[in-house]
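Shown next: data_9.pdb, given as PDB, C-alpha atoms and all ligand atoms.
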```pdb
ATOM      1  CA  LEU T   1     -10.045 -19.187  -8.640  1.00  0.00           C
ATOM      2  CA  ASP T   2     -10.452 -17.738 -12.105  1.00  0.00           C
ATOM      3  CA  LEU T   3     -13.609 -16.069 -13.333  1.00  0.00           C
ATOM      4  CA  TYR T   4     -14.677 -15.577 -16.912  1.00  0.00           C
ATOM      5  CA  THR T   5     -16.011 -12.073 -17.363  1.00  0.00           C
ATOM      6  CA  PHE T   6     -16.824 -10.651 -20.773  1.00  0.00           C
ATOM      7  CA  GLY T   7     -14.693 -13.357 -22.345  1.00  0.00           C
ATOM      8  CA  GLN T   8     -11.595 -12.377 -20.387  1.00  0.00           C
ATOM      9  CA  VAL T   9      -9.933 -14.410 -17.696  1.00  0.00           C
ATOM     10  CA  ILE T  10      -9.573 -12.313 -14.562  1.00  0.00           C
ATOM     11  CA  SER T  11      -7.541 -13.718 -11.716  1.00  0.00           C
ATOM     12  CA  MET T  12      -9.530 -13.446  -8.490  1.00  0.00           C
ATOM     13  CA  ALA T  13      -6.793 -14.758  -6.239  1.00  0.00           C
ATOM     14  CA  SER T  14      -6.294 -12.849  -3.008  1.00  0.00           C
ATOM     15  CA  LEU T  15      -2.864 -12.550  -1.413  1.00  0.00           C
ATOM     16  CA  ARG T  16      -1.645 -12.910   2.134  1.00  0.00           C
ATOM     17  CA  PHE T  17      -0.424  -9.792   3.976  1.00  0.00           C
ATOM     18  CA  GLY T  18       0.668 -11.010   7.399  1.00  0.00           C
ATOM     19  CA  GLN T  19      -2.470 -12.136   9.198  1.00  0.00           C
ATOM     20  CA  HIS T  20      -4.665 -10.340   6.623  1.00  0.00           C
ATOM     21  CA  LEU T  21      -6.029 -11.491   3.308  1.00  0.00           C
ATOM     22  CA  ILE T  22      -5.829  -8.807   0.628  1.00  0.00           C
ATOM     23  CA  THR T  23      -8.666  -9.189  -1.840  1.00  0.00           C
ATOM     24  CA  SER T  24      -8.013  -8.949  -5.569  1.00  0.00           C
ATOM     25  CA  SER T  25     -10.158  -5.795  -5.652  1.00  0.00           C
ATOM     26  CA  GLN T  26      -7.600  -4.042  -3.408  1.00  0.00           C
ATOM     27  CA  ILE T  27      -4.602  -5.067  -5.518  1.00  0.00           C
ATOM     28  CA  PHE T  28      -3.739  -2.681  -8.340  1.00  0.00           C
ATOM     29  CA  PHE T  29      -0.395  -4.100  -9.406  1.00  0.00           C
ATOM     30  CA  GLN T  30       1.427  -7.418  -9.230  1.00  0.00           C
ATOM     31  CA  SER T  31       4.798  -8.669 -10.435  1.00  0.00           C
ATOM     32  CA  SER T  32       6.281 -12.113  -9.927  1.00  0.00           C
ATOM     33  CA  LEU T  33       7.658 -11.231  -6.465  1.00  0.00           C
ATOM     34  CA  SER T  34       5.651  -8.297  -5.134  1.00  0.00           C
ATOM     35  CA  PHE T  35       2.247  -6.620  -5.144  1.00  0.00           C
ATOM     36  CA  ALA T  36       0.765  -3.183  -4.528  1.00  0.00           C
ATOM     37  CA  PHE T  37      -2.590  -2.599  -2.847  1.00  0.00           C
ATOM     38  CA  VAL T  38      -4.781   0.137  -1.456  1.00  0.00           C
ATOM     39  CA  ASN T  39      -4.784   0.771   2.266  1.00  0.00           C
ATOM     40  CA  ILE T  40      -7.787   0.015   4.454  1.00  0.00           C
ATOM     41  CA  ARG T  41      -6.868   2.954   6.737  1.00  0.00           C
ATOM     42  CA  PRO T  42      -4.925   5.489   4.646  1.00  0.00           C
ATOM     43  CA  VAL T  43      -3.350   8.469   6.449  1.00  0.00           C
ATOM     44  CA  VAL T  44      -4.223  10.520   3.351  1.00  0.00           C
ATOM     45  CA  LEU T  45      -5.970   9.533   0.160  1.00  0.00           C
ATOM     46  CA  GLY T  46      -3.442   7.680  -1.986  1.00  0.00           C
ATOM     47  CA  HIS T  47      -1.522   6.115   0.918  1.00  0.00           C
ATOM     48  CA  VAL T  48      -0.830   2.660  -0.535  1.00  0.00           C
ATOM     49  CA  LEU T  49       1.371  -0.319   0.320  1.00  0.00           C
ATOM     50  CA  VAL T  50       3.825  -2.462  -1.634  1.00  0.00           C
ATOM     51  CA  ALA T  51       4.820  -5.862  -0.220  1.00  0.00           C
ATOM     52  CA  PRO T  52       6.706  -8.982  -1.267  1.00  0.00           C
ATOM     53  CA  LYS T  53       4.407 -11.871  -2.185  1.00  0.00           C
ATOM     54  CA  ARG T  54       6.329 -14.197   0.099  1.00  0.00           C
ATOM     55  CA  LEU T  55       5.397 -13.731   3.745  1.00  0.00           C
ATOM     56  CA  VAL T  56       8.659 -12.348   5.158  1.00  0.00           C
ATOM     57  CA  LYS T  57       8.527 -10.562   8.517  1.00  0.00           C
ATOM     58  CA  ARG T  58      11.638  -8.400   8.411  1.00  0.00           C
ATOM     59  CA  PHE T  59      13.530  -6.490   5.728  1.00  0.00           C
ATOM     60  CA  ALA T  60      16.636  -8.562   6.531  1.00  0.00           C
ATOM     61  CA  GLY T  61      14.769 -11.696   5.445  1.00  0.00           C
ATOM     62  CA  LEU T  62      14.300 -10.614   1.837  1.00  0.00           C
ATOM     63  CA  THR T  63      16.442 -12.007  -0.976  1.00  0.00           C
ATOM     64  CA  GLN T  64      18.294  -9.654  -3.349  1.00  0.00           C
ATOM     65  CA  GLU T  65      15.745 -10.464  -6.062  1.00  0.00           C
ATOM     66  CA  GLU T  66      12.862  -9.583  -3.741  1.00  0.00           C
ATOM     67  CA  ILE T  67      14.482  -6.298  -2.675  1.00  0.00           C
ATOM     68  CA  THR T  68      15.100  -5.331  -6.303  1.00  0.00           C
ATOM     69  CA  ASP T  69      11.561  -6.202  -7.325  1.00  0.00           C
ATOM     70  CA  LEU T  70      10.010  -4.494  -4.271  1.00  0.00           C
ATOM     71  CA  PHE T  71      11.872  -1.230  -4.874  1.00  0.00           C
ATOM     72  CA  ILE T  72      11.461  -1.142  -8.648  1.00  0.00           C
ATOM     73  CA  ASN T  73       7.719  -1.527  -8.105  1.00  0.00           C
ATOM     74  CA  SER T  74       7.717   1.001  -5.249  1.00  0.00           C
ATOM     75  CA  GLN T  75       9.367   3.494  -7.602  1.00  0.00           C
ATOM     76  CA  ARG T  76       6.674   2.915 -10.199  1.00  0.00           C
ATOM     77  CA  VAL T  77       3.848   3.054  -7.660  1.00  0.00           C
ATOM     78  CA  CYS T  78       5.277   6.264  -6.236  1.00  0.00           C
ATOM     79  CA  ALA T  79       5.234   7.971  -9.642  1.00  0.00           C
ATOM     80  CA  THR T  80       1.691   6.713 -10.209  1.00  0.00           C
ATOM     81  CA  VAL T  81       0.175   7.937  -6.928  1.00  0.00           C
ATOM     82  CA  GLU T  82       1.884  11.313  -7.373  1.00  0.00           C
ATOM     83  CA  ARG T  83       0.204  11.668 -10.755  1.00  0.00           C
ATOM     84  CA  ALA T  84      -3.114  10.185  -9.651  1.00  0.00           C
ATOM     85  CA  TYR T  85      -3.491  12.520  -6.673  1.00  0.00           C
ATOM     86  CA  ASN T  86      -1.832  15.611  -8.079  1.00  0.00           C
ATOM     87  CA  ALA T  87       0.967  15.399  -5.542  1.00  0.00           C
ATOM     88  CA  THR T  88       4.414  16.895  -5.854  1.00  0.00           C
ATOM     89  CA  SER T  89       6.369  14.607  -3.534  1.00  0.00           C
ATOM     90  CA  CYS T  90       6.196  11.238  -1.843  1.00  0.00           C
ATOM     91  CA  THR T  91       7.026   9.758   1.550  1.00  0.00           C
ATOM     92  CA  ILE T  92       8.463   6.243   1.233  1.00  0.00           C
ATOM     93  CA  ALA T  93       8.727   4.386   4.545  1.00  0.00           C
ATOM     94  CA  ILE T  94       9.313   0.963   6.039  1.00  0.00           C
ATOM     95  CA  GLN T  95       8.636   0.320   9.728  1.00  0.00           C
ATOM     96  CA  ASP T  96      10.975  -2.649  10.148  1.00  0.00           C
ATOM     97  CA  GLY T  97      10.213  -4.494  13.370  1.00  0.00           C
ATOM     98  CA  HIS T  98       7.817  -4.091  16.298  1.00  0.00           C
ATOM     99  CA  ASP T  99       9.847  -1.390  18.047  1.00  0.00           C
ATOM    100  CA  ALA T 100       9.878   0.689  14.865  1.00  0.00           C
ATOM    101  CA  GLY T 101       6.078   0.652  14.765  1.00  0.00           C
ATOM    102  CA  GLN T 102       5.505  -2.392  12.565  1.00  0.00           C
ATOM    103  CA  THR T 103       2.102  -3.885  13.302  1.00  0.00           C
ATOM    104  CA  VAL T 104       1.698  -6.274  10.367  1.00  0.00           C
ATOM    105  CA  GLU T 105       4.444  -8.903  10.395  1.00  0.00           C
ATOM    106  CA  HIS T 106       5.008  -8.858   6.665  1.00  0.00           C
ATOM    107  CA  VAL T 107       7.483  -6.413   5.086  1.00  0.00           C
ATOM    108  CA  HIS T 108       5.685  -3.489   3.439  1.00  0.00           C
ATOM    109  CA  VAL T 109       6.640  -0.164   1.920  1.00  0.00           C
ATOM    110  CA  HIS T 110       4.318   2.733   2.766  1.00  0.00           C
ATOM    111  CA  ILE T 111       3.919   5.138  -0.126  1.00  0.00           C
ATOM    112  CA  VAL T 112       2.251   8.427   0.757  1.00  0.00           C
ATOM    113  CA  PRO T 113       1.700  11.161  -1.839  1.00  0.00           C
ATOM    114  CA  ARG T 114       2.717  14.551  -0.431  1.00  0.00           C
ATOM    115  CA  ARG T 115       2.031  18.144  -1.296  1.00  0.00           C
ATOM    116  CA  SER T 116       2.814  21.556   0.114  1.00  0.00           C
ATOM    117  CA  GLY T 117       1.149  22.175   3.483  1.00  0.00           C
ATOM    118  CA  ASP T 118      -0.509  18.740   3.762  1.00  0.00           C
ATOM    119  CA  PHE T 119       0.717  18.315   7.343  1.00  0.00           C
ATOM    120  CA  LYS T 120       1.631  20.994   9.870  1.00  0.00           C
ATOM    121  CA  ARG T 121       5.210  19.686   9.914  1.00  0.00           C
ATOM    122  CA  TYR T 122       6.724  17.392   7.226  1.00  0.00           C
ATOM    123  CA  ASP T 123       7.482  14.632   9.754  1.00  0.00           C
ATOM    124  CA  ASP T 124       3.948  14.563  11.175  1.00  0.00           C
ATOM    125  CA  VAL T 125       3.203  11.986   8.488  1.00  0.00           C
ATOM    126  CA  TYR T 126       5.245   9.449  10.479  1.00  0.00           C
ATOM    127  CA  ASP T 127       3.099  10.022  13.578  1.00  0.00           C
ATOM    128  CA  LYS T 128       0.038   9.416  11.444  1.00  0.00           C
ATOM    129  CA  ILE T 129       1.503   6.196   9.986  1.00  0.00           C
ATOM    130  CA  ASN T 130       2.213   5.035  13.528  1.00  0.00           C
ATOM    131  CA  GLU T 131      -1.276   5.814  14.757  1.00  0.00           C
ATOM    132  CA  CYS T 132      -2.644   3.582  12.014  1.00  0.00           C
ATOM    133  CA  GLU T 133      -3.820   0.644  14.039  1.00  0.00           C
ATOM    134  CA  SER T 134      -4.482   2.356  17.352  1.00  0.00           C
ATOM    135  CA  SER T 135      -6.474   5.539  16.918  1.00  0.00           C
ATOM    136  CA  LEU T 136      -9.286   5.884  14.463  1.00  0.00           C
ATOM    137  CA  ASP T 137      -9.978   9.534  15.211  1.00  0.00           C
ATOM    138  CA  SER T 138     -11.186  11.035  11.950  1.00  0.00           C
ATOM    139  CA  TRP T 139     -13.022   9.865   8.833  1.00  0.00           C
ATOM    140  CA  GLN T 140      -9.709   9.009   7.197  1.00  0.00           C
ATOM    141  CA  ARG T 141      -8.867   6.569   9.991  1.00  0.00           C
ATOM    142  CA  THR T 142     -12.032   4.552   9.599  1.00  0.00           C
ATOM    143  CA  ALA T 143     -11.740   1.268   7.736  1.00  0.00           C
ATOM    144  CA  ARG T 144     -13.054   1.733   4.220  1.00  0.00           C
ATOM    145  CA  SER T 145     -15.634  -0.265   2.343  1.00  0.00           C
ATOM    146  CA  GLU T 146     -14.685  -2.876  -0.251  1.00  0.00           C
ATOM    147  CA  GLN T 147     -16.324  -0.753  -2.925  1.00  0.00           C
ATOM    148  CA  ASP T 148     -14.349   2.336  -1.984  1.00  0.00           C
ATOM    149  CA  MET T 149     -11.074   0.398  -2.098  1.00  0.00           C
ATOM    150  CA  ASN T 150     -12.071  -1.312  -5.335  1.00  0.00           C
ATOM    151  CA  GLU T 151     -12.694   2.055  -7.020  1.00  0.00           C
ATOM    152  CA  GLU T 152      -9.323   3.425  -5.952  1.00  0.00           C
ATOM    153  CA  ALA T 153      -7.536   0.234  -7.043  1.00  0.00           C
ATOM    154  CA  SER T 154      -9.188   0.322 -10.493  1.00  0.00           C
ATOM    155  CA  HIS T 155      -8.239   3.966 -10.904  1.00  0.00           C
ATOM    156  CA  LEU T 156      -4.612   3.320  -9.900  1.00  0.00           C
ATOM    157  CA  ALA T 157      -4.370   0.207 -12.099  1.00  0.00           C
ATOM    158  CA  ALA T 158      -5.460   2.286 -15.095  1.00  0.00           C
ATOM    159  CA  MET T 159      -3.070   5.135 -14.220  1.00  0.00           C
ATOM    160  CA  LEU T 160      -0.180   2.710 -13.844  1.00  0.00           C
ATOM    161  CA  LYS T 161      -0.530   1.600 -17.444  1.00  0.00           C
ATOM    162  CA  GLN T 162      -0.419   5.155 -18.829  1.00  0.00           C
TER     163      GLN T 162
HETATM  164  W1  LIG H 201       2.735  -0.985   9.796  1.00  0.00           W
HETATM  165  O1  LIG H 201       2.161  -0.220  11.221  1.00  0.00           O
HETATM  166  O2  LIG H 201       2.832  -2.587  10.084  1.00  0.00           O
HETATM  167  O3  LIG H 201       4.076  -0.245   9.139  1.00  0.00           O
HETATM  168  O4  LIG H 201       1.485  -0.666   8.682  1.00  0.00           O
HETATM  169  C1  LIG H 201       0.399  -1.546   8.487  1.00  0.00           C
HETATM  170  C2  LIG H 201      -0.437  -0.953   7.400  1.00  0.00           C
HETATM  171  O5  LIG H 201      -1.295  -1.949   6.888  1.00  0.00           O
HETATM  172  C3  LIG H 201      -1.322   0.194   7.873  1.00  0.00           C
HETATM  173  O6  LIG H 201      -1.180   1.292   6.984  1.00  0.00           O
HETATM  174  C4  LIG H 201      -2.723  -0.408   7.839  1.00  0.00           C
HETATM  175  O7  LIG H 201      -3.710   0.543   7.586  1.00  0.00           O
HETATM  176  C5  LIG H 201      -2.569  -1.397   6.699  1.00  0.00           C
HETATM  177  N1  LIG H 201      -3.505  -2.509   6.702  1.00  0.00           N
HETATM  178  C6  LIG H 201      -3.810  -3.340   7.723  1.00  0.00           C
HETATM  179  N2  LIG H 201      -4.702  -4.262   7.329  1.00  0.00           N
HETATM  180  C7  LIG H 201      -4.966  -4.021   6.024  1.00  0.00           C
HETATM  181  C8  LIG H 201      -5.828  -4.608   5.049  1.00  0.00           C
HETATM  182  N3  LIG H 201      -6.599  -5.667   5.331  1.00  0.00           N
HETATM  183  N4  LIG H 201      -5.864  -4.079   3.824  1.00  0.00           N
HETATM  184  C9  LIG H 201      -5.101  -3.009   3.528  1.00  0.00           C
HETATM  185  N5  LIG H 201      -4.262  -2.410   4.385  1.00  0.00           N
HETATM  186  C10 LIG H 201      -4.202  -2.905   5.615  1.00  0.00           C
END
```

Could you quickly redo this structure as structure tokens?
Ligand code: AMW
Amino acid sequence: LDLYTFGQVISMASLRFGQHLITSSQIFFQSSLSFAFVNIRPVVLGHVLVAPKRLVKRFAGLTQEEITDLFINSQRVCATVERAYNATSCTIAIQDGHDAGQTVEHVHVHIVPRRSGDFKRYDDVYDKINECESSLDSWQRTARSEQDMNEEASHLAAMLKQ
């Protein structure tokens, strides 16, 4: 579905992410083989995801082209969220398979901007990533509104071009 807005064609296509449908307003970057989108339950502000466009469950199922594309875009997204959120570092993680904590059966790279003292211990971020689907204990764990995600995605899309 394409919409004409202010004379420009804007693609409104949403993309599959496992059992979920990621709306175009959540997606802030796309290449031919992968896409980056804002998280509905971020562990910290700026926790985003990069996934292949093809629905592939496990890392082992990706082609060389998809791996290259996924990681080149993850590198770019990482630099962007660091800048956008004034971070100094980044956690890059893949939970590959159910027993590694994967809940959405579609390969995805977690990108979490990090800064000094953000968690009590550096590795606590992994506990938080794991808690994602199960415990919604604080405001950050609550599913966000479309508008909230749309605003973050627009901001990141603009930052990515700079
Ligand atoms: W996994 O536990 O499979 O490594 O991570 C799944 C991630 O996908 C979590 O960070 C979760 O918040 C995120 N997520 C789940 N559904 C959606 C959605 N509809 N839009 C954006 N992110 C989502």

How close does each residue of segment 2-71 of chain T get to segment 94-105 of chain T, giving the shortest atom pair and distance in Å to one decimal for every residue with an atom at most 9 Å away, counting only C-alpha atoms, sorted by chain and residue number, as CSV?
```
residue,atom,partner,partner_atom,distance
T:Phe17,CA,T:Val104,CA,7.6
T:Gly18,CA,T:Glu105,CA,5.3
T:Gln19,CA,T:Val104,CA,7.3
T:His20,CA,T:Val104,CA,8.4
T:Leu55,CA,T:Glu105,CA,8.3
T:Val56,CA,T:Glu105,CA,7.6
T:Lys57,CA,T:Glu105,CA,4.8
T:Arg58,CA,T:Asp96,CA,6.0
T:Phe59,CA,T:Asp96,CA,6.4
T:Ala60,CA,T:Asp96,CA,8.9
```

> Using the chain letters and numbers from the file, which residues does the PyMOL selection byres (((chain T and resi 31) around 10) and not hetatm) grab, as number ranges by chain?
Replying inline: T: 29-30, 32-36, 52-53, 69-70, 73

Those residues with C-alpha atoms, as a PDB file, in the coordinates of the input please?
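That gives us out-v9.pdb:
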```pdb
ATOM      1  CA  PHE T  29      -0.395  -4.100  -9.406  1.00  0.00           C
ATOM      2  CA  GLN T  30       1.427  -7.418  -9.230  1.00  0.00           C
ATOM      3  CA  SER T  32       6.281 -12.113  -9.927  1.00  0.00           C
ATOM      4  CA  LEU T  33       7.658 -11.231  -6.465  1.00  0.00           C
ATOM      5  CA  SER T  34       5.651  -8.297  -5.134  1.00  0.00           C
ATOM      6  CA  PHE T  35       2.247  -6.620  -5.144  1.00  0.00           C
ATOM      7  CA  ALA T  36       0.765  -3.183  -4.528  1.00  0.00           C
ATOM      8  CA  PRO T  52       6.706  -8.982  -1.267  1.00  0.00           C
ATOM      9  CA  LYS T  53       4.407 -11.871  -2.185  1.00  0.00           C
ATOM     10  CA  ASP T  69      11.561  -6.202  -7.325  1.00  0.00           C
ATOM     11  CA  LEU T  70      10.010  -4.494  -4.271  1.00  0.00           C
ATOM     12  CA  ASN T  73       7.719  -1.527  -8.105  1.00  0.00           C
TER      13      ASN T  73
END
```

> Nearest to Val44 of chain T: which of T:Leu15, T:Met159, T:Val107, T:Ala87 is it, counting only C-alpha atoms?
Replying inline: T:Ala87

>> I'd like the interatomic distance between atom CA of Leu160 of chain T and atom CA of Gln26 of chain T, to a tenth of an Å.
In response: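 Between these atoms lies a distance of 14.5 Å.
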
> From the set T:Ile92, T:Ala13, T:Val77, T:Ala84, which residue has the shortest atom-to-atom contact distance to ligand LIG 201 (chain H), counting all atoms listed in the file?
Replying inline: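 Among T:Ile92, T:Ala13, T:Val77, T:Ala84, it is T:Ile92 that comes nearest to ligand LIG 201 (chain H).
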
> Taking into account all atoms listed in the file, which residue in the set T:Met149, T:Ala79, T:Phe71, T:His47 is nearest to Ile22 of chain T?
Replying inline: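 Between T:Met149, T:Ala79, T:Phe71, T:His47, the residue approaching Ile22 of chain T most closely is T:Met149.
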
> For ligand LIG 201 (chain H), which residue among T:Gln147, T:Asn130, T:Gln75, T:Thr80 is the nearest when counting only C-alpha atoms and all ligand atoms?
Replying inline: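 Among T:Gln147, T:Asn130, T:Gln75, T:Thr80, it is T:Asn130 that comes nearest to ligand LIG 201 (chain H).
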
>> Starting from the PyMOL selection byres (((chain T and resi 89) around 10) and not hetatm), expand the selection into actual residues of this file and give them as a ChimeraX atom specification.
In response: /T:78-79,81-83,86-88,90-92,112-116
